[in-house]
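*Asks:* Sending over a structure as structure tokens; questions will come in a sec.
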Amino acid sequence: MPSKTSAKSAKAIKAAGKSSNSSRKSGSGGKLGGKRQLPWMMIAAVACIIALIGGIAWVLVPKIQDKQEADKFTPTAQDKDPSDHISGVVKKEYPAGLHVAATQRVAYDQAPPFGGPHDASWAACTGVVYPKAIRTENAVHSLEHGAIWIAYNPDKVSKSGIDTLAAKVKGKPYSLMSPYPGLDSAISLQSWGHQLKLNSPDDKRINEFFTALRLNQNTYPEVGADCANPTFNVDNPPPFDPTPPGADAIPMDGKGIQQDQTELGGGMPGGGLPGGGLPGGLPGGIPGLPNGIPSIPAPTDAPGSQQPEQPAPTQ
């Protein structure tokens, strides 16, 4: 029989073993109460980093995509007229430098027109939003200077839609906007020799048209011409005439009109205007423009220019 001493020793050894196992389970193994403690600080830090990365991506990715999209429609030496990639753009060739008097009308072949004979005085196109329809012959001359003209049917575009369109023009040199009563679509974009008719002011092709054609020196005749016109009253411009042109209207070929040679083949260095770069404008004046054209500096807002856009001058 085992002695009492040996029995006590066996109990002591067994108790020591239980104590050792209990210690390993509770303290030294990184467990508390039998459960692993989660590293909340590390989880919070990782979550913050992920949120920060997501926020940056949310801001930057659309901008990168917008730039990539804009680059597709930016003129280059290899792609001189990116409007060829815009669905719905209509193109026509028109002779330049055909001026009519302020009392004459032109029998335009398009409505709105986007080229052809035009008034000797251009509609100011320094980012002007005209609240009323303006004389067509003045607006066409603005296109010859490299401007974009947004025309819209006031019966087909809502107030919010007009505001959306106006935001694309206000303060943007070489652009103008005006109502065009009776327009067969809600919106029509014009540059010299180009037109795009649309139904929605949110159509992305509006921005594409601006990028491709505003001041695209490959697509308009009078390169270097300015859009400011001190002789054109932006507060009370010549009004739009909705009646059909009469039998005495100037035909589209400008028959009987002598072309202004200074507006052909890209215009004149230093301005492209009749009298551009001449102190005091052109001596003797030009029909339809009292006192001739004042000296106007060449524009700096060409595609790729590093110069900031200038706000429309107050006239």
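Identifiers in this document derive from the order of the structure tokens: chains are assigned A, B, ..., residues are numbered from 1 separately in each chain, and ligands are numbered from 1 in order of occurrence.
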Need the shell around Gln217 (chain A): protein/DNA/RNA residues with any atom at most 10 Å away, counting only C-alpha atoms. Skip same-chain ones fewer than 3 positions apart. Format as a ChimeraX atom specification?

*Replies:* /A:75,80-81,145-146,213-214,220-224,266,302-303

*Asks:* With DSSP run on the backbone, what are the helix (DSSP H, G or I) residues within region 10-259 of chain A? I'd like them as a PyMOL selection string.

*Replies:* chain A and resi 10-28+40-71+82-85+136-144+159-167+205-213

*Asks:* Can you tell me, as JSON, numbers by chain, which residues in region 94-222 of chain A count as strand (DSSP E) by DSSP?

*Replies:* {"A": [99, 100, 118, 119, 126, 127, 128, 129, 148, 149, 150, 151, 152, 175, 176, 177, 178, 179, 187, 188, 189, 190, 191, 194, 195, 196, 197, 198]}

*Asks:* Restrict the selected residues to C-alpha atoms and save them as a compact mmCIF listing (two decimals), in the first residue's frame.

*Replies:*
```
# COMPACT_ATOMS: atom_id res chain seq x y z
CA HIS A 99 -19.30 92.33 -95.60
CA VAL A 100 -22.78 93.79 -95.84
CA HIS A 118 -22.13 89.08 -92.69
CA ASP A 119 -22.26 92.55 -91.20
CA THR A 126 -16.24 88.20 -75.03
CA GLY A 127 -18.38 85.72 -73.14
CA VAL A 128 -21.56 87.76 -73.59
CA VAL A 129 -24.97 86.24 -72.81
CA ILE A 148 -18.65 79.81 -80.58
CA TRP A 149 -22.25 81.00 -80.74
CA ILE A 150 -24.85 79.18 -78.64
CA ALA A 151 -28.34 79.83 -79.99
CA TYR A 152 -31.39 78.41 -78.26
CA SER A 175 -18.11 82.88 -77.11
CA LEU A 176 -21.60 84.36 -77.11
CA MET A 177 -25.13 83.19 -76.50
CA SER A 178 -28.55 84.46 -77.52
CA PRO A 179 -32.13 83.31 -78.07
CA ILE A 187 -30.12 74.30 -78.91
CA SER A 188 -27.78 74.99 -81.80
CA LEU A 189 -24.01 75.50 -81.57
CA GLN A 190 -22.20 77.42 -84.31
CA SER A 191 -18.59 78.01 -85.19
CA HIS A 194 -19.64 74.04 -88.23
CA GLN A 195 -22.99 73.44 -86.56
CA LEU A 196 -24.35 71.03 -83.97
CA LYS A 197 -28.04 70.91 -83.00
CA LEU A 198 -29.00 69.40 -79.64
```

*Asks:* Just want the 9 Å neighbourhood of region 133-140 of chain A, counted on only C-alpha atoms, with same-chain residues fewer than 5 positions away dropped. Output as JSON, numbers by chain.

*Replies:* {"A": [100, 102, 104, 105, 106, 112, 113, 114, 115, 116, 117, 118, 119, 120, 121, 122, 123, 124, 125, 149, 151, 176, 178, 179, 180, 181, 190, 191, 192, 237, 238, 239, 240, 241]}

*Asks:* Print the selection's residues with N, CA and C atoms to a file, as a compact mmCIF listing (two decimals), in the first residue's frame.

*Replies:*
```
# COMPACT_ATOMS: atom_id res chain seq x y z
N VAL A 100 -21.58 93.08 -95.42
CA VAL A 100 -22.78 93.79 -95.84
C VAL A 100 -22.98 94.98 -94.91
N ALA A 102 -25.20 97.69 -92.49
CA ALA A 102 -26.07 97.47 -91.33
C ALA A 102 -27.53 97.37 -91.72
N GLN A 104 -28.58 95.90 -94.60
CA GLN A 104 -28.76 94.80 -95.54
C GLN A 104 -29.00 93.48 -94.81
N ARG A 105 -29.66 92.58 -95.50
CA ARG A 105 -29.87 91.24 -94.98
C ARG A 105 -29.25 90.22 -95.92
N VAL A 106 -28.98 89.04 -95.38
CA VAL A 106 -28.38 87.96 -96.15
C VAL A 106 -29.37 86.81 -96.26
N PRO A 112 -29.83 78.43 -87.37
CA PRO A 112 -29.04 79.64 -87.55
C PRO A 112 -27.94 79.42 -88.58
N PRO A 113 -27.47 80.49 -89.21
CA PRO A 113 -26.36 80.36 -90.15
C PRO A 113 -25.04 80.16 -89.41
N PHE A 114 -24.06 79.60 -90.10
CA PHE A 114 -22.74 79.42 -89.49
C PHE A 114 -21.63 79.73 -90.48
N GLY A 115 -21.91 80.69 -91.33
CA GLY A 115 -20.93 81.16 -92.29
C GLY A 115 -21.61 81.92 -93.40
N GLY A 116 -20.79 82.58 -94.23
CA GLY A 116 -21.33 83.34 -95.34
C GLY A 116 -21.19 84.83 -95.14
N PRO A 117 -21.77 85.64 -96.03
CA PRO A 117 -21.70 87.10 -95.88
C PRO A 117 -22.25 87.53 -94.53
N HIS A 118 -21.74 88.65 -94.02
CA HIS A 118 -22.13 89.08 -92.69
C HIS A 118 -21.89 90.57 -92.53
N ASP A 119 -22.43 91.13 -91.47
CA ASP A 119 -22.26 92.55 -91.20
C ASP A 119 -20.78 92.86 -90.94
N ALA A 120 -20.37 94.06 -91.34
CA ALA A 120 -18.98 94.46 -91.12
C ALA A 120 -18.66 94.60 -89.64
N SER A 121 -19.67 94.80 -88.81
CA SER A 121 -19.48 94.90 -87.37
C SER A 121 -19.86 93.57 -86.72
N TRP A 122 -18.98 93.00 -85.95
CA TRP A 122 -19.26 91.71 -85.32
C TRP A 122 -19.92 91.91 -83.96
N ALA A 123 -20.74 90.97 -83.57
CA ALA A 123 -21.34 90.99 -82.23
C ALA A 123 -20.24 90.71 -81.22
N ALA A 124 -20.19 91.53 -80.17
CA ALA A 124 -19.19 91.31 -79.12
C ALA A 124 -19.31 89.88 -78.60
N CYS A 125 -18.19 89.19 -78.59
CA CYS A 125 -18.20 87.76 -78.25
C CYS A 125 -17.19 87.46 -77.14
N TRP A 149 -20.98 80.34 -80.98
CA TRP A 149 -22.25 81.00 -80.74
C TRP A 149 -23.27 79.94 -80.33
N ALA A 151 -26.99 79.32 -79.75
CA ALA A 151 -28.34 79.83 -79.99
C ALA A 151 -29.32 78.82 -79.40
N LEU A 176 -20.42 83.55 -77.34
CA LEU A 176 -21.60 84.36 -77.11
C LEU A 176 -22.82 83.46 -77.12
N SER A 178 -27.35 83.65 -77.33
CA SER A 178 -28.55 84.46 -77.52
C SER A 178 -29.73 83.57 -77.88
N PRO A 179 -30.94 84.04 -77.61
CA PRO A 179 -32.13 83.31 -78.07
C PRO A 179 -32.21 83.36 -79.60
N TYR A 180 -32.86 82.36 -80.17
CA TYR A 180 -33.08 82.32 -81.61
C TYR A 180 -34.50 81.82 -81.83
N PRO A 181 -35.47 82.74 -81.89
CA PRO A 181 -36.88 82.34 -82.02
C PRO A 181 -37.12 81.49 -83.28
N GLN A 190 -22.80 77.00 -83.04
CA GLN A 190 -22.20 77.42 -84.31
C GLN A 190 -20.76 77.84 -84.10
N SER A 191 -19.90 77.39 -84.98
CA SER A 191 -18.59 78.01 -85.19
C SER A 191 -18.49 78.16 -86.70
N TRP A 192 -17.47 78.85 -87.17
CA TRP A 192 -17.39 79.09 -88.62
C TRP A 192 -17.34 77.76 -89.37
N PRO A 237 -28.32 95.72 -78.62
CA PRO A 237 -27.76 95.28 -79.90
C PRO A 237 -28.79 95.36 -81.01
N PRO A 238 -28.35 95.34 -82.27
CA PRO A 238 -29.31 95.28 -83.38
C PRO A 238 -30.22 94.07 -83.20
N PRO A 239 -31.52 94.24 -83.36
CA PRO A 239 -32.45 93.15 -83.05
C PRO A 239 -32.53 92.09 -84.14
N PHE A 240 -32.98 90.94 -83.75
CA PHE A 240 -33.22 89.81 -84.64
C PHE A 240 -34.44 90.12 -85.52
N ASP A 241 -34.34 89.79 -86.79
CA ASP A 241 -35.46 89.99 -87.71
C ASP A 241 -36.01 88.62 -88.10
```

*Asks:* For a quick check of understanding, using only C-alpha atoms, which of A:Asp235, A:Asp253, A:Glu208, A:Glu69 has the smallest distance to Ser83 (chain A)?

*Replies:*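 Among A:Asp235, A:Asp253, A:Glu208, A:Glu69, it is A:Glu208 that comes nearest to Ser83 (chain A).
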
*Asks:* What's around His85 (chain A) at 10 Å? Count only C-alpha atoms, leave out sequence neighbours fewer than 4 positions away in its own chain, and write the answer as a compact mmCIF listing (two decimals) with all heavy atoms, in the first residue's frame.

*Replies:*
```
# COMPACT_ATOMS: atom_id res chain seq x y z
N LYS A 72 -9.17 64.33 -76.15
CA LYS A 72 -9.62 63.71 -77.40
C LYS A 72 -10.09 64.77 -78.41
O LYS A 72 -10.08 64.53 -79.61
CB LYS A 72 -10.76 62.73 -77.13
CG LYS A 72 -10.39 61.52 -76.28
CD LYS A 72 -11.61 60.65 -76.06
CE LYS A 72 -11.32 59.48 -75.15
NZ LYS A 72 -12.54 58.66 -74.89
N PHE A 73 -10.53 65.93 -77.89
CA PHE A 73 -11.12 66.95 -78.75
C PHE A 73 -10.28 68.23 -78.79
O PHE A 73 -10.75 69.26 -79.26
CB PHE A 73 -12.54 67.26 -78.28
CG PHE A 73 -13.43 66.07 -78.30
CD1 PHE A 73 -13.67 65.33 -77.15
CD2 PHE A 73 -14.01 65.63 -79.48
CE1 PHE A 73 -14.47 64.20 -77.16
CE2 PHE A 73 -14.82 64.50 -79.52
CZ PHE A 73 -15.05 63.78 -78.35
N ASP A 81 -8.95 69.16 -86.84
CA ASP A 81 -10.37 69.45 -86.60
C ASP A 81 -11.01 68.29 -85.86
O ASP A 81 -11.65 67.41 -86.45
CB ASP A 81 -11.10 69.71 -87.92
CG ASP A 81 -12.54 70.15 -87.72
OD1 ASP A 81 -12.98 70.22 -86.54
OD2 ASP A 81 -13.23 70.43 -88.71
N VAL A 89 -22.22 66.77 -85.89
CA VAL A 89 -21.68 68.03 -86.39
C VAL A 89 -21.84 68.10 -87.91
O VAL A 89 -21.50 67.16 -88.64
CB VAL A 89 -20.19 68.20 -86.01
CG1 VAL A 89 -19.58 69.39 -86.74
CG2 VAL A 89 -20.05 68.39 -84.51
N GLU A 208 -17.48 69.31 -75.81
CA GLU A 208 -16.61 68.79 -76.86
C GLU A 208 -16.52 69.78 -78.02
O GLU A 208 -15.42 70.00 -78.57
CB GLU A 208 -17.13 67.44 -77.35
CG GLU A 208 -17.09 66.35 -76.30
CD GLU A 208 -17.82 65.07 -76.71
OE1 GLU A 208 -18.42 65.05 -77.80
OE2 GLU A 208 -17.80 64.10 -75.93
N PHE A 209 -17.63 70.38 -78.37
CA PHE A 209 -17.68 71.36 -79.46
C PHE A 209 -16.81 72.57 -79.12
O PHE A 209 -16.03 73.05 -79.95
CB PHE A 209 -19.14 71.78 -79.69
CG PHE A 209 -19.39 72.53 -80.97
CD1 PHE A 209 -19.75 71.87 -82.13
CD2 PHE A 209 -19.30 73.92 -81.01
CE1 PHE A 209 -20.00 72.56 -83.32
CE2 PHE A 209 -19.55 74.62 -82.18
CZ PHE A 209 -19.91 73.95 -83.33
N ALA A 212 -13.08 71.60 -79.28
CA ALA A 212 -12.59 71.31 -80.63
C ALA A 212 -12.51 72.56 -81.50
O ALA A 212 -11.61 72.66 -82.35
CB ALA A 212 -13.49 70.27 -81.30
```

*Asks:* Just give me the gap between CA of Val157 (chain A) and CA of Leu183 (chain A) in Å, one decimal is fine.

*Replies:*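 A separation of 11.0 Å between them.
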
*Asks:* Go ahead and compute the interatomic distance for CA of Leu264 (chain A) and CA of Gly97 (chain A), in Å to one decimal.

*Replies:*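 Computing it gives 6.6 Å between the two atoms.
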
*Asks:* My list of candidates is A:Met42, A:Leu52, A:Leu215, A:Ala186. Which is closest to Gly161 (chain A) when distances are computed with only C-alpha atoms?

*Replies:*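 Checking each candidate against Gly161 (chain A), we get A:Ala186 as the closest.
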